[in-house]
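J.: Quick one, structure-v3.tsv (TSV, C-alpha atoms):
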chain	number	residue	atom	x	y	z
A	3	MET	CA	-17.18	6.01	7.76
A	4	LYS	CA	-14.48	7.01	10.25
A	5	ILE	CA	-12.37	10.11	9.49
A	6	PHE	CA	-9.48	11.05	11.77
A	7	GLU	CA	-7.42	14.23	11.71
A	8	LYS	CA	-5.18	13.33	14.66
A	9	GLN	CA	-2.88	10.35	14.99
A	10	VAL	CA	-3.75	9.91	18.67
A	11	ASP	CA	-7.42	9.40	17.76
A	12	LEU	CA	-6.59	7.07	14.86
A	13	ASN	CA	-4.28	5.00	17.09
A	14	ALA	CA	-6.94	4.70	19.80
A	15	TYR	CA	-9.54	3.54	17.27
A	16	LEU	CA	-7.23	1.01	15.59
A	17	LYS	CA	-6.29	-0.36	19.00
A	18	SER	CA	-9.98	-0.72	19.94
A	19	ILE	CA	-10.85	-2.79	16.84
A	20	SER	CA	-7.71	-4.90	16.49
A	21	LYS	CA	-7.96	-8.60	17.25
A	22	ALA	CA	-5.48	-11.45	17.20
A	23	ASN	CA	-4.35	-12.12	13.61
A	24	SER	CA	-6.24	-9.10	12.20
A	25	THR	CA	-4.48	-7.29	9.35
A	26	ILE	CA	-4.39	-3.65	8.32
A	27	GLY	CA	-4.06	-2.65	4.67
A	28	PHE	CA	-2.78	0.86	4.09
A	29	VAL	CA	-3.03	3.14	1.04
A	30	PRO	CA	-0.99	6.35	1.46
A	31	THR	CA	-2.11	9.14	-0.90
A	32	MET	CA	-1.88	12.89	-1.38
A	33	GLY	CA	-5.57	13.06	-2.23
A	34	ALA	CA	-7.25	14.19	-5.47
A	35	LEU	CA	-8.23	10.54	-5.75
A	36	HIS	CA	-8.84	8.77	-9.04
A	37	HIS	CA	-9.74	5.23	-10.09
A	38	GLY	CA	-6.13	4.11	-9.66
A	39	HIS	CA	-6.30	4.98	-5.95
A	40	LEU	CA	-9.69	3.31	-5.62
A	41	SER	CA	-8.29	0.12	-7.14
A	42	LEU	CA	-5.63	0.07	-4.40
A	43	LEU	CA	-8.39	0.36	-1.81
A	44	GLU	CA	-10.31	-2.49	-3.45
A	45	GLU	CA	-7.19	-4.69	-3.37
A	46	SER	CA	-6.66	-3.89	0.30
A	47	MET	CA	-10.30	-4.54	1.20
A	48	LEU	CA	-10.12	-7.97	-0.42
A	49	ASN	CA	-7.05	-9.04	1.54
A	50	ASN	CA	-7.18	-7.35	4.96
A	51	SER	CA	-9.38	-7.13	8.05
A	52	TYR	CA	-9.27	-3.31	7.94
A	53	THR	CA	-8.20	-0.70	5.39
A	54	VAL	CA	-6.76	2.75	6.14
A	55	ILE	CA	-6.19	5.49	3.56
A	56	SER	CA	-4.19	8.60	4.34
A	57	ILE	CA	-4.84	11.87	2.53
A	58	PHE	CA	-1.94	14.22	3.11
A	59	VAL	CA	-0.13	16.58	0.74
A	60	ASN	CA	3.40	16.14	2.03
A	61	PRO	CA	5.42	19.38	1.86
A	62	THR	CA	8.84	17.74	2.30
A	63	GLN	CA	8.71	15.88	-1.03
A	64	PHE	CA	8.17	19.01	-3.13
A	65	ASN	CA	11.33	20.74	-4.32
A	66	ASN	CA	9.15	23.30	-6.14
A	67	GLN	CA	7.06	25.54	-3.84
A	68	ASP	CA	4.78	26.57	-6.70
A	69	ASP	CA	4.03	22.90	-7.45
A	70	LEU	CA	3.15	22.32	-3.78
A	71	GLU	CA	0.77	25.29	-3.72
A	72	LYS	CA	-0.97	24.22	-6.94
A	73	TYR	CA	-1.34	20.55	-5.95
A	74	PRO	CA	-5.09	19.78	-5.88
A	75	ARG	CA	-6.72	19.46	-2.46
A	76	THR	CA	-10.20	17.94	-2.68
A	77	LEU	CA	-10.90	16.20	0.64
A	78	ALA	CA	-14.72	16.36	0.55
A	79	HIS	CA	-14.76	14.99	-3.01
A	80	ASP	CA	-12.20	12.33	-2.04
A	81	VAL	CA	-14.41	11.13	0.83
A	82	GLU	CA	-17.34	10.66	-1.56
A	83	LYS	CA	-15.14	8.62	-3.90
A	84	ILE	CA	-13.92	6.42	-1.05
A	85	LYS	CA	-17.56	5.73	-0.09
A	86	THR	CA	-18.10	4.19	-3.55
A	87	VAL	CA	-15.62	1.47	-2.55
A	88	SER	CA	-16.77	0.95	1.06
A	89	ASP	CA	-18.13	2.79	4.07
A	90	ASP	CA	-15.79	0.71	6.23
A	91	ILE	CA	-12.57	2.35	5.01
A	92	ILE	CA	-10.79	4.38	7.71
A	93	ILE	CA	-9.58	7.82	6.59
A	94	TYR	CA	-6.60	9.60	8.11
A	95	ALA	CA	-6.47	13.22	6.92
A	96	PRO	CA	-3.90	14.90	9.16
A	97	SER	CA	-2.47	18.41	9.30
A	98	VAL	CA	1.23	19.03	8.69
A	99	ASP	CA	1.70	19.53	12.44
A	100	ASP	CA	0.04	16.23	13.29
A	101	ILE	CA	2.50	14.38	11.04
A	102	TYR	CA	5.67	16.36	11.74
A	103	GLU	CA	4.90	17.69	15.24
A	104	GLY	CA	6.39	21.11	14.51
A	105	HIS	CA	9.53	19.76	12.82
A	106	THR	CA	8.75	19.78	9.10
A	107	VAL	CA	12.16	18.65	7.85
A	108	SER	CA	13.21	15.64	5.81
A	109	GLN	CA	15.34	12.90	7.29
A	110	HIS	CA	18.23	11.82	5.05
A	111	PHE	CA	18.06	8.28	3.68
A	112	ASP	CA	20.45	5.95	1.89
A	113	PHE	CA	18.43	3.78	-0.47
A	114	ASP	CA	21.51	2.09	-1.97
A	115	GLY	CA	21.52	4.46	-4.94
A	116	LEU	CA	17.88	4.03	-5.96
A	117	GLU	CA	17.30	7.65	-4.90
A	118	ASN	CA	19.94	9.00	-7.32
A	119	GLN	CA	18.30	7.88	-10.55
A	120	MET	CA	15.70	9.64	-12.70
A	121	GLU	CA	13.33	11.46	-10.32
A	122	GLY	CA	16.21	11.79	-7.85
A	123	GLN	CA	18.28	13.62	-10.46
A	124	PHE	CA	15.57	16.07	-11.43
A	125	ARG	CA	13.92	16.56	-8.03
A	126	PRO	CA	16.69	16.97	-5.44
A	127	GLY	CA	15.65	15.82	-1.98
A	128	HIS	CA	12.41	14.31	-3.28
A	129	TYR	CA	13.05	10.81	-1.97
A	130	ASP	CA	14.26	12.04	1.40
A	131	GLY	CA	10.81	13.66	1.65
A	132	VAL	CA	9.05	10.49	0.49
A	133	GLY	CA	11.05	8.33	2.88
A	134	THR	CA	10.38	10.68	5.77
A	135	VAL	CA	6.61	10.81	5.35
A	136	VAL	CA	6.19	7.11	4.53
A	137	LYS	CA	8.24	6.17	7.61
A	138	ARG	CA	6.08	8.47	9.76
A	139	LEU	CA	2.85	7.09	8.29
A	140	PHE	CA	4.03	3.52	8.83
A	141	GLU	CA	4.85	4.37	12.46
A	142	ILE	CA	1.39	5.88	12.96
A	143	VAL	CA	-0.80	3.35	11.10
A	144	LYS	CA	1.33	0.22	11.76
A	145	PRO	CA	-0.02	-1.62	8.69
A	146	THR	CA	0.62	-5.23	7.78
A	147	HIS	CA	0.27	-4.51	4.05
A	148	ALA	CA	0.88	-1.27	2.11
A	149	TYR	CA	-0.33	-0.64	-1.45
A	150	PHE	CA	1.34	1.58	-4.05
A	151	GLY	CA	0.67	2.12	-7.76
A	152	GLU	CA	3.28	1.08	-10.31
A	153	LYS	CA	3.06	4.44	-12.11
A	154	ASP	CA	5.52	5.70	-9.51
A	155	PHE	CA	7.65	2.57	-9.94
A	156	GLN	CA	10.81	4.23	-8.63
A	157	GLN	CA	8.91	5.29	-5.50
A	158	LEU	CA	7.60	1.73	-5.13
A	159	GLN	CA	11.16	0.36	-5.16
A	160	ILE	CA	12.27	3.08	-2.71
A	161	VAL	CA	9.50	2.11	-0.26
A	162	ARG	CA	10.44	-1.56	-0.56
A	163	LYS	CA	14.04	-0.62	0.23
A	164	LEU	CA	12.87	1.50	3.20
A	165	VAL	CA	10.94	-1.45	4.65
A	166	GLN	CA	13.92	-3.76	4.09
A	167	LYS	CA	16.46	-1.39	5.66
A	168	LEU	CA	14.31	-0.61	8.69
A	169	ASN	CA	13.30	-4.27	9.01
A	170	LEU	CA	9.61	-3.35	9.21
A	171	PRO	CA	6.99	-6.14	9.35
A	172	ILE	CA	5.14	-4.73	6.33
A	173	THR	CA	4.49	-6.32	2.93
A	174	VAL	CA	4.68	-3.69	0.17
A	175	ILE	CA	2.43	-4.50	-2.80
A	176	GLY	CA	2.69	-2.85	-6.21
A	177	CYS	CA	-0.55	-2.57	-8.21
A	178	PRO	CA	-1.04	-2.03	-11.97
A	179	ILE	CA	-1.33	1.42	-13.56
A	180	HIS	CA	-4.85	2.57	-14.38
A	181	ARG	CA	-5.21	4.64	-17.53
A	182	GLU	CA	-7.67	7.01	-19.14
A	183	ASN	CA	-9.38	5.80	-22.32
A	184	ASN	CA	-6.66	7.48	-24.38
A	185	GLY	CA	-3.86	5.73	-22.46
A	186	LEU	CA	-2.87	8.63	-20.20
A	187	ALA	CA	-1.79	7.26	-16.81
A	188	MET	CA	-4.24	8.32	-14.12
A	189	SER	CA	-2.68	10.91	-11.82
A	190	SER	CA	-3.89	13.54	-9.38
A	191	ARG	CA	-2.05	16.09	-11.51
A	192	ASN	CA	-4.35	15.28	-14.44
A	193	GLU	CA	-6.97	17.46	-12.71
A	194	ARG	CA	-4.88	20.47	-13.71
A	195	LEU	CA	-4.95	19.53	-17.42
A	196	SER	CA	-7.42	21.11	-19.81
A	197	GLU	CA	-9.37	18.80	-22.12
A	198	THR	CA	-7.05	19.79	-24.97
A	199	GLU	CA	-3.97	19.04	-22.87
A	200	LYS	CA	-5.41	15.65	-21.87
A	201	LYS	CA	-5.79	14.76	-25.55
A	202	GLN	CA	-2.22	15.90	-26.25
A	203	ALA	CA	-0.93	13.85	-23.31
A	204	ALA	CA	-2.08	10.62	-24.99
A	205	VAL	CA	1.21	10.76	-26.91
A	206	ILE	CA	3.13	9.82	-23.72
A	207	TYR	CA	1.78	6.27	-23.51
A	208	LYS	CA	1.73	5.90	-27.28
A	209	THR	CA	5.46	6.71	-27.31
A	210	LEU	CA	6.14	4.25	-24.49
A	211	LYS	CA	4.40	1.44	-26.37
A	212	THR	CA	6.43	2.17	-29.50
A	213	ALA	CA	9.62	2.31	-27.40
A	214	LYS	CA	8.77	-1.13	-25.99
A	215	ALA	CA	8.40	-2.57	-29.49
A	216	LYS	CA	11.66	-0.94	-30.64
A	217	PHE	CA	13.57	-2.22	-27.59
A	218	LYS	CA	12.99	-5.79	-28.77
A	219	ILE	CA	15.21	-5.17	-31.80
A	220	GLU	CA	17.22	-2.02	-31.00
A	221	SER	CA	19.63	-0.90	-28.29
A	222	ALA	CA	18.55	1.19	-25.31
A	223	LEU	CA	20.59	4.10	-26.70
A	224	ALA	CA	18.87	3.93	-30.10
A	225	VAL	CA	15.43	3.85	-28.48
A	226	THR	CA	16.31	6.76	-26.18
A	227	GLN	CA	17.52	8.85	-29.12
A	228	TRP	CA	14.33	8.05	-31.05
A	229	VAL	CA	12.14	9.16	-28.11
A	230	SER	CA	14.09	12.41	-27.76
A	231	LYS	CA	13.68	13.23	-31.45
A	232	ALA	CA	9.99	12.31	-31.37
A	233	PHE	CA	9.27	14.80	-28.56
A	234	ASP	CA	11.28	17.52	-30.30
A	235	LYS	CA	8.51	17.52	-32.92
A	236	ILE	CA	5.60	17.74	-30.46
A	237	PRO	CA	4.38	21.26	-29.60
A	238	ASN	CA	3.48	22.19	-25.98
A	239	ILE	CA	5.14	19.06	-24.52
A	240	THR	CA	8.70	19.15	-23.21
A	241	LEU	CA	10.58	15.92	-22.50
A	242	GLU	CA	12.42	16.11	-19.17
A	243	TYR	CA	13.87	12.62	-19.35
A	244	PHE	CA	13.41	9.19	-20.89
A	245	GLN	CA	15.40	6.31	-19.48
A	246	ILE	CA	15.53	2.55	-19.83
A	247	ALA	CA	16.67	0.97	-16.58
A	248	ASP	CA	16.66	-2.40	-14.85
A	249	GLU	CA	13.81	-2.86	-12.40
A	250	ASP	CA	15.88	-3.92	-9.39
A	251	GLN	CA	18.62	-1.28	-9.16
A	252	LEU	CA	17.11	1.29	-11.58
A	253	LEU	CA	20.49	1.67	-13.29
A	254	PRO	CA	20.51	2.81	-16.93
A	255	CYS	CA	20.65	0.00	-19.46
A	256	LEU	CA	23.97	0.30	-21.30
A	257	ARG	CA	23.89	-3.18	-22.78
A	258	LYS	CA	21.00	-5.65	-22.62
A	259	ASN	CA	21.35	-8.48	-20.13
A	260	LYS	CA	18.95	-11.40	-20.50
A	261	THR	CA	18.94	-12.00	-16.73
A	262	LYS	CA	17.53	-8.53	-16.01
A	263	LYS	CA	14.03	-7.09	-16.35
A	264	TYR	CA	13.94	-3.64	-17.91
A	265	ARG	CA	11.47	-0.79	-17.73
A	266	ALA	CA	11.15	2.52	-19.56
A	267	PHE	CA	10.59	5.67	-17.48
A	268	ILE	CA	9.49	9.07	-18.76
A	269	ALA	CA	8.79	12.55	-17.39
A	270	VAL	CA	7.36	15.41	-19.44
A	271	PHE	CA	5.96	18.87	-18.97
A	272	ILE	CA	2.71	19.94	-20.61
A	273	ASN	CA	3.04	23.68	-20.14
A	274	ASP	CA	3.89	23.81	-16.38
A	275	ILE	CA	2.27	20.48	-15.42
A	276	ARG	CA	4.69	17.62	-14.85
A	277	LEU	CA	3.61	14.05	-15.70
A	278	ILE	CA	5.44	10.75	-15.33
A	279	ASP	CA	4.77	7.29	-16.74
A	280	THR	CA	6.45	3.93	-17.11
A	281	ILE	CA	6.12	0.66	-18.99
A	282	SER	CA	7.58	-2.79	-18.48
A	283	LEU	CA	9.78	-3.87	-21.39
A	284	HIS	CA	9.62	-7.62	-20.79
Could the structure of this file be written out as structure tokens, please?

T.:
Amino acid sequence: MKIFEKQVDLNAYLKSISKANSTIGFVPTMGALHHGHLSLLEESMLNNSYTVISIFVNPTQFNNQDDLEKYPRTLAHDVEKIKTVSDDIIIYAPSVDDIYEGHTVSQHFDFDGLENQMEGQFRPGHYDGVGTVVKRLFEIVKPTHAYFGEKDFQQLQIVRKLVQKLNLPITVIGCPIHRENNGLAMSSRNERLSETEKKQAAVIYKTLKTAKAKFKIESALAVTQWVSKAFDKIPNITLEYFQIADEDQLLPCLRKNKTKKYRAFIAVFINDIRLIDTISLH
């Protein structure tokens, strides 16, 4: 298994193994890997000549310094998990300086309004940080295919927009959400939850499934009001937002349109741990 900490070494290795028509699949992560990440690696391994995973906790996408400091960093454990998929996966685990070269500042992006919805409202500057690091990683790795989980569906659409706007020769592939047995969406932040909190968090997906059923016969506003009232009754969990939006532009659904595909998005706090989830409504 090859592990690189410096982009110059990664670039040299990728150049040495590349052949005509070879493809590179890329899975960008912030580490603390779970089965959802491993499924992205499996998808990439099936469809590409080589697979690269990056493990990098990106400081520019955190608008909360405390959240950045508490984010789990488990590189040695992550490497062992990657080995369960394949010894042939290439790992890029850079320092902040190797990525940003002494200039750890976000670039400003215009994602045609995608960045202003939901996460963009509650985490100012978040998608500038995401855009900045994904652009840098794409420049370094030069993948042909990039794999992202649908749990961060807004991020997935942002990355697709980034590739479109920069005219990059990269196919962005969204992969299904993997869930715990109780329905909780797998997330690196789940490592910070106690067993009791994990059991409590099952209500997030349960609520989304009920919201999906209600949306078939009720308006988006009625469903949103129901979700808000439901979380008012749940101790230790605070609803930050629930929104029904169309998948393409992520604009709130004011009136159903049969030509659009809708999705429900949710963010909650369990004590000080923030969790997001989503479900397709079609």

J.: Skip Pro171 in chain A itself and residues of its chain fewer than 4 positions away, then list as a list in words all residues within 10 Å of it, counting all atoms listed in the file.

T.: Lys144, Pro145, Thr146, His147, Val165 and Gln166 of chain A

J.: Choose the residue, out of A:Glu249, A:Asp100, A:Tyr207, A:Val54, that has the smallest atom-to-atom separation from Val10 in chain A; count all atoms listed in the file.

T.: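 Of A:Glu249, A:Asp100, A:Tyr207, A:Val54, the one nearest Val10 in chain A is A:Asp100, counting all atoms listed in the file.
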
J.: Which residue gives the smallest distance to Tyr129 in chain A among A:Ala224, A:Val81, A:Leu116, A:Leu170, with all atoms listed in the file counted?

T.: A:Leu116

J.: Pick the closest to His37 in chain A from A:Lys21, A:Lys4, A:His110, A:His180: which is it, counting only C-alpha atoms?

T.: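 Ranked by minimum distance to His37 in chain A, first place goes to A:His180.
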
J.: Can you pull out every residue within 8 Å of range 86-91 of chain A, counting only C-alpha atoms, but drop anything in the same chain fewer than 3 positions away, and send it as a PyMOL selection string?

T.: chain A and resi 3-4+40+43-44+52-55+82-83

J.: In Å, with one decimal, what is the gap from CA of Ile206 in chain A to CA of Lys263 in chain A?

T.: 21.4 Å

J.: Counting only C-alpha atoms, what is within 8 Å of range 194-203 of chain A, bar same-chain residues fewer than 3 positions away, as a list of chain:residue names?

T.: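 Using only C-alpha atoms, the neighbours found are A:Pro74, A:Asn184, A:Leu186, A:Arg191, A:Ile206, A:Ile272, A:Ile275.
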
J.: Could you state the separation of CA of Leu158 in chain A and CA of Val174 in chain A in Å, given to one decimal place?

T.: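 Straight-line distance from CA of Leu158 in chain A to CA of Val174 in chain A works out to 8.1 Å.
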
J.: Using only C-alpha atoms for the distances, tell me which of A:Asp114, A:Leu35, A:Ile219, A:Ser51 is nearest to Ser20 in chain A.

T.: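 Once distances to Ser20 in chain A are computed over only C-alpha atoms, the minimum belongs to A:Ser51.
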
J.: In Å, with one decimal, what is the gap from CA of His284 in chain A to CA of Ile172 in chain A?

T.: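 Going from CA of His284 in chain A over to CA of Ile172 in chain A, I get 27.6 Å.
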
J.: Please determine, counting only C-alpha atoms, which residue among A:Leu168, A:Ile268, A:Ala78, A:Ile142 has the shortest atom-to-atom distance to Ala34 in chain A.

T.: A:Ala78

J.: Where atoms are absent from range 17-29 of chain A, fill them in so it carries N, CA, C and O atoms, then output it as a tab-separated table (two decimals), in the coordinates of the input.

T.:
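Listing of out.tsv after writing:
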chain	number	residue	atom	x	y	z
A	17	LYS	N	-6.54	0.52	17.84
A	17	LYS	CA	-6.29	-0.36	19.00
A	17	LYS	C	-7.60	-1.00	19.48
A	17	LYS	O	-7.64	-2.18	19.86
A	18	SER	N	-8.69	-0.23	19.43
A	18	SER	CA	-9.98	-0.72	19.94
A	18	SER	C	-10.58	-1.81	19.05
A	18	SER	O	-11.35	-2.64	19.53
A	19	ILE	N	-10.24	-1.81	17.75
A	19	ILE	CA	-10.85	-2.79	16.84
A	19	ILE	C	-9.93	-3.96	16.52
A	19	ILE	O	-10.36	-4.96	15.95
A	20	SER	N	-8.65	-3.84	16.87
A	20	SER	CA	-7.71	-4.90	16.49
A	20	SER	C	-7.95	-6.17	17.31
A	20	SER	O	-8.30	-6.12	18.48
A	21	LYS	N	-7.81	-7.29	16.62
A	21	LYS	CA	-7.96	-8.60	17.25
A	21	LYS	C	-6.73	-9.43	16.89
A	21	LYS	O	-5.94	-9.05	16.02
A	22	ALA	N	-6.60	-10.56	17.52
A	22	ALA	CA	-5.48	-11.45	17.20
A	22	ALA	C	-5.57	-11.84	15.73
A	22	ALA	O	-6.66	-12.18	15.23
A	23	ASN	N	-4.45	-11.75	15.04
A	23	ASN	CA	-4.35	-12.12	13.61
A	23	ASN	C	-5.08	-11.18	12.66
A	23	ASN	O	-5.20	-11.49	11.47
A	24	SER	N	-5.62	-10.04	13.14
A	24	SER	CA	-6.24	-9.10	12.20
A	24	SER	C	-5.15	-8.36	11.43
A	24	SER	O	-4.04	-8.17	11.93
A	25	THR	N	-5.46	-7.97	10.20
A	25	THR	CA	-4.48	-7.29	9.35
A	25	THR	C	-4.99	-5.91	8.95
A	25	THR	O	-6.20	-5.69	8.85
A	26	ILE	N	-4.05	-5.01	8.75
A	26	ILE	CA	-4.39	-3.65	8.32
A	26	ILE	C	-3.74	-3.39	6.96
A	26	ILE	O	-2.51	-3.45	6.82
A	27	GLY	N	-4.55	-3.10	5.97
A	27	GLY	CA	-4.06	-2.65	4.67
A	27	GLY	C	-4.02	-1.14	4.66
A	27	GLY	O	-4.92	-0.48	5.18
A	28	PHE	N	-2.98	-0.58	4.05
A	28	PHE	CA	-2.78	0.86	4.09
A	28	PHE	C	-2.50	1.39	2.69
A	28	PHE	O	-1.67	0.86	1.97
A	29	VAL	N	-3.22	2.47	2.34
A	29	VAL	CA	-3.03	3.14	1.04
A	29	VAL	C	-2.66	4.59	1.31
A	29	VAL	O	-3.53	5.41	1.61
